[in-house]
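With CSV, C-alpha atoms inside, this is structure-v5.csv:
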```csv
chain,number,residue,atom,x,y,z
A,1,MET,CA,209.5,3.8,5.0
A,2,LEU,CA,207.8,1.5,2.5
A,3,SER,CA,205.5,3.9,0.7
A,4,TYR,CA,207.6,4.0,-2.5
A,5,ARG,CA,206.3,1.9,-5.4
A,6,HIS,CA,208.2,1.9,-8.7
A,7,ALA,CA,205.0,1.1,-10.5
A,8,PHE,CA,204.1,4.8,-10.4
A,9,HIS,CA,207.3,5.5,-12.5
A,10,ALA,CA,207.6,2.4,-14.7
A,11,GLY,CA,208.9,3.2,-18.1
A,12,ASN,CA,209.7,6.8,-17.5
A,13,HIS,CA,212.7,8.7,-18.9
A,14,ALA,CA,214.8,7.6,-16.0
A,15,ASP,CA,214.0,3.9,-16.6
A,16,VAL,CA,215.0,4.4,-20.3
A,17,LEU,CA,218.5,5.6,-19.4
A,18,LYS,CA,219.0,3.2,-16.5
A,19,HIS,CA,217.9,0.1,-18.5
A,20,LEU,CA,219.7,1.1,-21.7
A,21,ILE,CA,222.9,1.1,-19.7
A,22,LEU,CA,222.1,-2.0,-17.7
A,23,LEU,CA,221.7,-4.0,-20.9
A,24,GLU,CA,224.9,-2.6,-22.3
A,25,LEU,CA,226.8,-3.8,-19.2
A,26,LEU,CA,225.4,-7.3,-19.3
A,27,ALA,CA,225.9,-7.6,-23.0
A,28,TYR,CA,229.5,-6.8,-22.5
A,29,TYR,CA,229.8,-9.4,-19.7
A,30,ASN,CA,228.3,-11.9,-22.2
A,31,ARG,CA,231.3,-11.6,-24.4
A,32,LYS,CA,233.0,-14.2,-22.3
A,33,ASP,CA,231.6,-17.6,-21.4
A,34,LYS,CA,232.5,-17.2,-17.7
A,35,PRO,CA,229.3,-16.8,-15.6
A,36,TRP,CA,228.3,-13.5,-14.1
A,37,TYR,CA,226.1,-12.4,-11.2
A,38,TYR,CA,223.5,-9.6,-11.4
A,39,ILE,CA,222.8,-8.2,-8.0
A,40,ASP,CA,219.9,-5.7,-7.5
A,41,THR,CA,219.7,-4.0,-4.1
A,42,HIS,CA,216.2,-2.5,-4.7
A,43,ALA,CA,214.6,-4.8,-7.3
A,44,GLY,CA,211.0,-3.6,-7.2
A,45,ALA,CA,208.2,-5.8,-8.5
A,46,GLY,CA,209.9,-7.3,-11.5
A,47,CYS,CA,207.5,-6.3,-14.3
A,48,TYR,CA,204.7,-3.6,-14.5
A,49,ALA,CA,201.4,-3.5,-16.3
A,50,LEU,CA,201.2,0.0,-17.8
A,51,ASP,CA,197.4,0.0,-17.5
A,52,SER,CA,197.5,-0.8,-13.8
A,53,GLU,CA,196.1,1.6,-11.3
A,54,HIS,CA,199.6,2.7,-10.1
A,55,ALA,CA,201.1,3.1,-13.5
A,56,ASP,CA,198.1,4.7,-15.1
A,57,LYS,CA,197.8,7.2,-12.3
A,58,THR,CA,201.0,9.1,-13.3
A,59,ALA,CA,201.4,7.8,-16.8
A,60,GLU,CA,205.1,8.6,-16.7
A,61,SER,CA,205.8,6.0,-19.4
A,62,ALA,CA,204.2,8.5,-21.9
A,63,GLU,CA,207.3,10.7,-21.5
A,64,GLY,CA,209.6,7.7,-21.6
A,65,ILE,CA,209.3,4.3,-23.4
A,66,ALA,CA,206.1,5.3,-25.2
A,67,ARG,CA,208.0,8.1,-27.1
A,68,LEU,CA,210.5,5.5,-28.4
A,69,TRP,CA,208.1,2.6,-29.1
A,70,GLY,CA,207.2,3.3,-32.7
A,71,CYS,CA,210.5,5.0,-33.8
A,72,ASP,CA,212.2,3.7,-37.0
A,73,ASP,CA,215.9,3.0,-37.3
A,74,PRO,CA,217.1,3.9,-33.7
A,75,PRO,CA,220.8,3.7,-32.9
A,76,VAL,CA,222.1,0.3,-32.2
A,77,PRO,CA,222.1,0.5,-28.4
A,78,ILE,CA,218.5,1.8,-28.4
A,79,ALA,CA,217.5,-0.9,-30.8
A,80,ALA,CA,218.9,-3.6,-28.4
A,81,TYR,CA,217.0,-2.0,-25.5
A,82,LEU,CA,213.7,-1.8,-27.4
A,83,ALA,CA,214.1,-5.4,-28.5
A,84,ALA,CA,214.4,-6.5,-24.8
A,85,VAL,CA,211.3,-4.6,-23.9
A,86,ARG,CA,209.4,-6.1,-26.8
A,87,GLN,CA,210.0,-9.6,-25.4
A,88,PHE,CA,207.4,-8.6,-22.8
A,89,ASN,CA,205.0,-7.2,-25.4
A,90,PRO,CA,205.0,-9.9,-28.1
A,91,HIS,CA,201.8,-8.6,-29.8
A,92,GLY,CA,203.3,-5.2,-30.6
A,93,ARG,CA,201.3,-3.1,-28.2
A,94,LEU,CA,203.1,-1.5,-25.3
A,95,LEU,CA,201.3,-3.0,-22.3
A,96,PHE,CA,204.0,-4.1,-20.0
A,97,TYR,CA,207.3,-2.6,-18.9
A,98,PRO,CA,210.0,-4.9,-17.5
A,99,GLY,CA,211.9,-3.8,-14.4
A,100,SER,CA,215.6,-4.1,-14.0
A,101,PRO,CA,215.6,-7.8,-12.9
A,102,ALA,CA,213.3,-8.8,-15.8
A,103,LEU,CA,215.6,-7.0,-18.3
A,104,ALA,CA,218.6,-8.6,-16.7
A,105,MET,CA,217.0,-12.0,-17.2
A,106,THR,CA,216.8,-11.4,-21.0
A,107,GLN,CA,220.6,-11.4,-21.0
A,108,ALA,CA,221.2,-14.3,-18.5
A,109,ARG,CA,222.5,-17.5,-19.8
A,110,ALA,CA,222.2,-20.9,-18.1
A,111,GLN,CA,225.4,-20.3,-16.1
A,112,ASP,CA,224.5,-16.8,-14.9
A,113,ARG,CA,222.8,-15.9,-11.6
A,114,LEU,CA,220.5,-13.2,-10.3
A,115,ARG,CA,220.3,-12.1,-6.6
A,116,LEU,CA,217.4,-9.7,-6.0
A,117,PHE,CA,216.4,-7.8,-2.8
A,118,GLU,CA,213.2,-6.0,-2.1
A,119,LEU,CA,211.7,-4.8,1.2
A,120,HIS,CA,208.2,-3.7,0.1
A,121,PRO,CA,205.9,-6.7,0.9
A,122,ALA,CA,203.6,-6.4,-2.1
A,123,ASP,CA,206.5,-5.8,-4.5
A,124,PHE,CA,208.5,-8.7,-2.9
A,125,GLU,CA,205.5,-11.0,-3.5
A,126,SER,CA,205.3,-9.9,-7.1
A,127,LEU,CA,209.0,-10.3,-7.6
A,128,GLN,CA,208.7,-13.9,-6.3
A,129,ARG,CA,205.9,-14.7,-8.7
A,130,THR,CA,207.9,-13.3,-11.6
A,131,PHE,CA,210.8,-15.6,-11.0
A,132,ASN,CA,209.2,-18.6,-9.4
A,133,THR,CA,210.1,-20.8,-12.4
A,134,GLU,CA,213.8,-20.0,-12.1
A,135,PRO,CA,214.8,-21.3,-8.7
A,136,GLU,CA,218.3,-22.4,-9.9
A,137,ARG,CA,219.3,-19.1,-11.4
A,138,VAL,CA,217.4,-16.5,-9.4
A,139,GLN,CA,217.2,-15.9,-5.7
A,140,VAL,CA,214.7,-13.4,-4.3
A,141,ARG,CA,215.0,-12.1,-0.7
A,142,ARG,CA,212.9,-9.7,1.3
A,143,ALA,CA,215.8,-7.8,2.8
A,144,ASP,CA,217.6,-4.4,2.9
A,145,GLY,CA,219.8,-4.6,-0.2
A,146,PHE,CA,222.3,-2.1,1.2
A,147,GLY,CA,223.1,-4.5,4.1
A,148,ALA,CA,222.6,-7.7,2.2
A,149,LEU,CA,225.1,-6.9,-0.5
A,150,LYS,CA,228.1,-7.4,1.8
A,151,GLY,CA,227.4,-11.1,2.0
A,152,LEU,CA,227.6,-11.6,-1.7
A,153,LEU,CA,230.9,-9.9,-2.5
A,154,PRO,CA,233.0,-11.2,-4.1
A,155,PRO,CA,230.8,-13.6,-6.0
A,156,PRO,CA,232.1,-17.1,-6.8
A,157,SER,CA,232.7,-16.2,-10.5
A,158,ARG,CA,234.5,-12.9,-9.6
A,159,ARG,CA,232.3,-11.3,-12.2
A,160,ALA,CA,229.3,-9.2,-11.3
A,161,VAL,CA,227.1,-6.2,-12.2
A,162,VAL,CA,225.5,-4.6,-9.1
A,163,LEU,CA,222.7,-2.1,-9.5
A,164,LEU,CA,222.0,0.3,-6.6
A,165,ASP,CA,218.7,2.0,-7.4
A,166,PRO,CA,217.2,3.2,-4.1
A,167,PRO,CA,214.1,5.4,-4.1
A,168,TYR,CA,215.9,8.3,-2.3
A,169,GLU,CA,212.7,8.9,-0.3
A,170,LEU,CA,214.8,9.1,2.8
A,171,LYS,CA,217.7,11.6,3.0
A,172,GLU,CA,219.9,8.9,4.5
A,173,ASP,CA,219.6,6.9,1.2
A,174,TYR,CA,222.2,9.3,-0.3
A,175,ARG,CA,224.6,8.6,2.5
A,176,ARG,CA,223.9,4.9,2.5
A,177,VAL,CA,224.5,4.5,-1.2
A,178,VAL,CA,228.0,6.1,-0.9
A,179,ASP,CA,228.9,4.0,2.1
A,180,THR,CA,227.7,0.8,0.4
A,181,VAL,CA,229.7,1.5,-2.8
A,182,ARG,CA,232.8,2.3,-0.7
A,183,ASP,CA,232.5,-1.0,1.1
A,184,ALA,CA,231.7,-2.9,-2.1
A,185,MET,CA,234.8,-1.6,-3.8
A,186,ARG,CA,236.9,-2.7,-0.9
A,187,ARG,CA,235.4,-6.2,-0.9
A,188,PHE,CA,235.3,-6.6,-4.7
A,189,PRO,CA,237.6,-4.1,-6.5
A,190,ASN,CA,236.9,-5.5,-9.9
A,191,GLY,CA,233.1,-5.4,-9.7
A,192,THR,CA,230.9,-3.2,-11.8
A,193,PHE,CA,228.7,-1.0,-9.6
A,194,ALA,CA,226.0,1.1,-11.2
A,195,VAL,CA,224.3,3.8,-9.1
A,196,TRP,CA,221.2,5.4,-10.4
A,197,TYR,CA,220.4,8.9,-9.1
A,198,PRO,CA,217.7,11.5,-9.6
A,199,MET,CA,218.5,15.0,-10.9
A,200,LEU,CA,216.7,17.3,-8.3
A,201,ALA,CA,217.2,20.7,-6.9
A,202,ARG,CA,218.0,19.4,-3.4
A,203,ALA,CA,221.6,19.7,-2.3
A,204,ASP,CA,222.1,16.0,-1.4
A,205,ALA,CA,221.0,14.9,-4.9
A,206,ARG,CA,223.3,17.4,-6.6
A,207,ALA,CA,226.2,16.3,-4.5
A,208,LEU,CA,225.8,12.6,-4.9
A,209,PRO,CA,227.9,12.2,-8.1
A,210,GLU,CA,230.7,14.2,-6.6
A,211,ARG,CA,230.7,12.1,-3.5
A,212,LEU,CA,230.8,8.9,-5.6
A,213,ALA,CA,233.8,10.4,-7.5
A,214,GLU,CA,235.6,11.0,-4.2
A,215,LEU,CA,235.6,7.2,-3.6
A,216,GLY,CA,238.6,7.1,-6.0
A,217,ALA,CA,237.7,4.5,-8.5
A,218,GLU,CA,240.4,4.3,-11.2
A,219,SER,CA,237.7,3.6,-13.9
A,220,TRP,CA,234.4,5.3,-13.8
A,221,LEU,CA,231.6,6.8,-16.0
A,222,ASP,CA,229.0,9.4,-15.1
A,223,VAL,CA,226.1,10.0,-17.5
A,224,ARG,CA,223.2,12.4,-17.0
A,225,LEU,CA,220.1,12.9,-19.2
A,226,ALA,CA,218.0,15.9,-18.5
A,227,VAL,CA,214.6,16.1,-20.2
A,228,ARG,CA,213.4,19.6,-19.0
A,229,GLN,CA,214.5,22.6,-17.2
A,230,PRO,CA,214.4,22.5,-13.4
A,231,ALA,CA,211.1,23.8,-12.1
A,232,ARG,CA,211.1,27.3,-10.7
A,233,ASP,CA,209.7,26.1,-7.4
A,234,GLY,CA,212.6,23.6,-7.1
A,235,PHE,CA,210.3,20.5,-7.0
A,236,GLY,CA,210.3,17.5,-9.2
A,237,MET,CA,212.9,15.4,-11.1
A,238,PHE,CA,214.0,17.0,-14.3
A,239,GLY,CA,216.4,14.2,-15.3
A,240,SER,CA,218.5,11.4,-14.0
A,241,GLY,CA,222.0,10.0,-14.0
A,242,LEU,CA,224.0,6.8,-13.6
A,243,TYR,CA,227.4,6.6,-12.1
A,244,VAL,CA,229.3,3.4,-13.0
A,245,VAL,CA,232.4,2.1,-11.3
A,246,ASN,CA,234.5,-0.1,-13.6
A,247,PRO,CA,232.5,0.4,-16.8
A,248,PRO,CA,233.3,-1.5,-20.0
A,249,TRP,CA,235.8,0.4,-22.2
A,250,VAL,CA,233.2,0.4,-25.0
A,251,LEU,CA,230.4,2.0,-23.0
A,252,PRO,CA,231.3,5.7,-23.7
A,253,GLN,CA,231.3,5.1,-27.5
A,254,ARG,CA,228.0,3.3,-27.3
A,255,LEU,CA,226.3,6.0,-25.3
A,256,GLU,CA,227.6,8.7,-27.6
A,257,LEU,CA,225.6,7.0,-30.3
A,258,ALA,CA,222.4,6.8,-28.1
A,259,LEU,CA,222.3,10.0,-26.0
A,260,PRO,CA,221.7,12.7,-28.7
A,261,TRP,CA,218.9,10.6,-30.1
A,262,LEU,CA,217.3,10.2,-26.7
A,263,VAL,CA,217.5,14.0,-26.1
A,264,GLU,CA,215.7,14.6,-29.3
A,265,ARG,CA,212.9,12.2,-28.5
A,266,LEU,CA,212.5,12.6,-24.7
A,267,GLY,CA,213.3,16.3,-24.4
A,268,VAL,CA,210.4,18.4,-23.2
A,269,ASP,CA,211.9,21.9,-23.5
A,270,GLU,CA,215.2,23.8,-24.0
A,271,GLY,CA,216.5,22.3,-20.8
A,272,ALA,CA,216.9,18.9,-22.4
A,273,GLY,CA,220.5,17.7,-22.8
A,274,PHE,CA,223.1,15.2,-21.7
A,275,ASP,CA,226.5,15.1,-20.0
A,276,LEU,CA,228.9,12.2,-20.3
A,277,GLU,CA,232.1,12.1,-18.4
A,278,HIS,CA,234.4,9.2,-17.9
A,279,HIS,CA,237.9,7.9,-17.1
A,280,ILE,CA,238.5,4.3,-18.0
A,281,GLU,CA,241.8,2.6,-17.4
```
Take the structure I supplied and represent it as structure tokens, if you would.
Amino acid sequence: MLSYRHAFHAGNHADVLKHLILLELLAYYNRKDKPWYYIDTHAGAGCYALDSEHADKTAESAEGIARLWGCDDPPVPIAAYLAAVRQFNPHGRLLFYPGSPALAMTQARAQDRLRLFELHPADFESLQRTFNTEPERVQVRRADGFGALKGLLPPPSRRAVVLLDPPYELKEDYRRVVDTVRDAMRRFPNGTFAVWYPMLARADARALPERLAELGAESWLDVRLAVRQPARDGFGMFGSGLYVVNPPWVLPQRLELALPWLVERLGVDEGAGFDLEHHIE
């Protein structure tokens, strides 16, 4: 199924949480000169015009990045995230929202590498165009990222951040993400694996963090940001989470600075809040 287009959701509250943490992960990896790999199993189109037909149709950025754009004196992690997004909006107006690969590229040094996978034909072409000037550092493939990940682990540098961000359109995505992380941990025990997941009423969505915890990683972090109460009819995403295997030891402290501030600005009703659990060796 290739109906999903991330352009409909670009810059929403889930993107804010996911991309804030992604930048924190890569900034931590940049503390050492040794190169890292960024691997994105569902890379999307790369960058999104917020006035495009797809993005404007749902206008989800209005409840996400737009609520943060003009804020003064945000916490340090939020300031770093906003600075990265501003690189794509140099004139100050919020016109473009960078996807995960584009944001990762803001952190990449000459020695670092990006490996990006996308199946949707239109998004794959857009992704290629976004990175066609970076043939040395970035490889873009039209492939199933779940399956393709196996061939990249472990990477030559033995340092990598892997983002698994499937659309969860298909019920089997929940199973496949767990199976993929299990296999990735076996192939590359020291890798950092970040799994984004939606907060939904459906049972398989609620069970996903627990199933990831059952994989037995010694170091892990599970963060959830809810922006509203679940709908009475059970439909719709009311928040999102990120489960990180082998997170940096500083990440919980950084998120404790950012999350209360995000709840205050992105919360829609009394259901807004956050949870942060972790065990880091």
Using only C-alpha atoms, the residue out of A:Leu212, A:Leu149, A:Val223, A:Ala102 with shortest distance to Gln128 of chain A is A:Ala102
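Taking atom CA of Glu63 of chain A as the reference point, atom CA of Val161 of chain A is found at 27.6 Å.
Across the structure, atom CA of Thr133 of chain A and atom CA of Met105 of chain A are spaced 12.2 Å apart.
Surrounding residues of (232.0, 7.8, -16.8) at most 8 Å away are Ser219, Trp220, Leu221, Asp222, Val223, Tyr243, Val244, Val245, Pro247, Pro252, Leu276, Glu277, His278, His279 and Ile280 of chain A (based on only C-alpha atoms).
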Interatomic distance, atom CA of Tyr97 of chain A to atom CA of Ala226 of chain A (Å, one decimal) = 21.4 Å
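With distances restricted to only C-alpha atoms, A:His19 is the closest residue to Gly99 of chain A from A:Arg265, A:Lys34, A:His19, A:Arg228.
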